[in-house]
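Content type CSV, C-alpha atoms, from the file data-v4.csv:
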chain,number,residue,atom,x,y,z
A,1,MET,CA,61.0,129.3,158.8
A,2,THR,CA,59.8,125.9,158.1
A,3,GLU,CA,62.1,123.4,156.7
A,4,PRO,CA,61.0,121.8,153.4
A,5,ASN,CA,59.8,118.3,153.4
A,6,PRO,CA,62.7,115.7,153.1
A,7,LEU,CA,60.8,114.0,150.3
A,8,ALA,CA,60.6,117.3,148.4
A,9,LYS,CA,64.3,117.9,149.0
A,10,ALA,CA,65.1,114.5,147.5
A,11,GLU,CA,62.9,115.0,144.5
A,12,ALA,CA,64.5,118.4,143.8
A,13,ALA,CA,68.0,116.9,144.1
A,14,ALA,CA,67.1,114.0,141.8
A,15,ALA,CA,65.6,116.4,139.2
A,16,GLU,CA,68.8,118.6,139.4
A,17,ALA,CA,71.0,115.6,139.1
A,18,ALA,CA,69.1,114.4,136.0
A,19,VAL,CA,69.4,117.8,134.4
A,20,ASN,CA,73.2,117.9,135.2
A,21,THR,CA,73.7,114.4,133.9
A,22,ALA,CA,72.0,115.3,130.6
A,23,ALA,CA,74.1,118.5,130.3
A,24,VAL,CA,77.3,116.6,131.0
A,25,GLN,CA,76.4,113.9,128.4
A,26,VAL,CA,75.7,116.6,125.7
A,27,ALA,CA,79.0,118.3,126.5
A,28,LEU,CA,80.9,115.1,126.2
A,29,ALA,CA,79.2,114.3,122.9
A,30,ALA,CA,80.1,117.7,121.6
A,31,VAL,CA,83.8,117.2,122.6
A,32,GLU,CA,83.8,113.8,120.9
A,33,LEU,CA,82.3,115.3,117.8
A,34,ALA,CA,84.9,118.1,117.7
A,35,LYS,CA,87.7,115.5,118.1
A,36,LEU,CA,86.3,113.5,115.1
A,37,SER,CA,85.9,116.5,112.9
A,38,GLN,CA,89.4,117.7,113.7
A,39,ALA,CA,90.9,114.3,113.0
A,40,GLN,CA,89.2,114.2,109.6
A,41,GLN,CA,90.3,117.6,108.6
A,42,GLN,CA,94.0,117.1,109.4
A,43,ALA,CA,96.0,116.0,106.5
A,44,PRO,CA,98.6,113.3,107.2
A,45,ALA,CA,102.0,114.7,107.9
A,46,CYS,CA,104.6,114.3,105.2
A,47,GLN,CA,107.1,111.7,106.4
A,48,HIS,CA,110.0,112.5,104.0
A,49,HIS,CA,112.1,115.5,103.6
A,50,GLY,CA,112.7,116.9,100.1
A,51,ALA,CA,116.2,117.8,99.0
A,52,PRO,CA,116.9,121.5,99.3
A,53,ALA,CA,116.9,123.5,96.2
A,54,SER,CA,120.4,123.4,94.7
A,55,GLN,CA,122.2,126.4,93.3
A,56,PHE,CA,122.7,127.0,89.6
A,57,ASN,CA,125.6,124.8,88.5
A,58,ALA,CA,127.3,126.4,85.5
A,59,LYS,CA,129.8,123.5,85.1
A,60,LYS,CA,127.0,121.0,84.6
A,61,TRP,CA,125.4,123.1,81.8
A,62,LEU,CA,128.8,123.7,80.1
A,63,VAL,CA,129.4,120.0,80.1
A,64,ILE,CA,125.9,119.4,78.6
A,65,GLY,CA,126.5,122.1,76.0
A,66,GLY,CA,129.9,120.7,75.1
A,67,THR,CA,128.6,117.2,74.8
A,68,ALA,CA,125.8,118.4,72.5
A,69,CYS,CA,128.3,120.2,70.3
A,70,VAL,CA,130.6,117.2,70.0
A,71,CYS,CA,127.7,114.9,69.2
A,72,SER,CA,126.3,117.2,66.5
A,73,LEU,CA,129.7,117.6,64.9
A,74,ALA,CA,130.2,113.8,64.9
A,75,PHE,CA,126.8,113.4,63.2
A,76,ALA,CA,127.6,116.1,60.6
A,77,LEU,CA,131.0,114.4,59.8
A,78,ALA,CA,129.3,111.0,59.5
A,79,SER,CA,126.7,112.4,57.2
A,80,ILE,CA,129.4,113.9,55.0
A,81,ALA,CA,131.3,110.6,54.9
A,82,ILE,CA,128.2,108.8,53.9
A,83,ALA,CA,127.5,111.3,51.1
A,84,ILE,CA,131.1,111.1,49.8
A,85,GLY,CA,130.9,107.3,49.9
A,86,ALA,CA,127.7,107.3,47.9
A,87,CYS,CA,129.2,109.6,45.3
A,88,CYS,CA,132.3,107.4,44.9
A,89,ALA,CA,130.2,104.3,44.6
A,90,THR,CA,128.0,105.9,41.9
A,91,ALA,CA,131.1,107.0,39.9
A,92,CYS,CA,132.6,103.5,40.3
A,93,LEU,CA,129.4,101.9,39.0
A,94,LEU,CA,129.2,104.2,36.1
A,95,VAL,CA,132.8,103.5,35.1
A,96,LEU,CA,132.3,99.7,35.5
A,97,ARG,CA,129.1,99.9,33.4
A,98,SER,CA,130.9,101.8,30.6
A,99,MET,CA,133.7,99.3,30.7
A,100,TRP,CA,131.3,96.4,30.5
A,101,ARG,CA,129.5,97.9,27.5
A,102,ASP,CA,132.8,98.3,25.7
A,103,PHE,CA,133.8,94.7,26.6
A,104,ALA,CA,130.4,93.4,25.4
A,105,LYS,CA,130.8,95.3,22.0
A,106,GLY,CA,134.2,93.7,21.5
A,107,ARG,CA,136.3,96.9,21.7
Would you mind writing the structure in this file as structure tokens?
Amino acid sequence: MTEPNPLAKAEAAAAEAAVNTAAVQVALAAVELAKLSQAQQQAPACQHHGAPASQFNAKKWLVIGGTACVCSLAFALASIAIAIGACCATACLLVLRSMWRDFAKGR
């Protein structure tokens, strides 16, 4: 067996190294591309924590309902008071107008 020429050996090694270097560069580029696409797809993590869902609070709703009832009753009473006041003012004005007419006629 004859040994290959040292120059041919060096040329084969250089060609293999060039192929290996190109393959390594392609692999590194693929890894970097995968890192970039993964970084773009990830949504930013939520930094705050929401309050846990609270249980139904019957007391709160009873207070709200009671307040609404009291406010509606107060509004109704105020409306009735305004209506009574308007009727009294009208009656008073009618009596005063009648008295004024009688006074003007000289009675």
How many Å separate CA of Lys59 in chain A from CA of Leu73 in chain A? 21.0 Å
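Pairwise distance (CA of Ala78 in chain A, CA of Thr90 in chain A) equals 18.4 Å.
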In Å, how far is it from CA of Gln47 in chain A to CA of Val31 in chain A? 28.9 Å
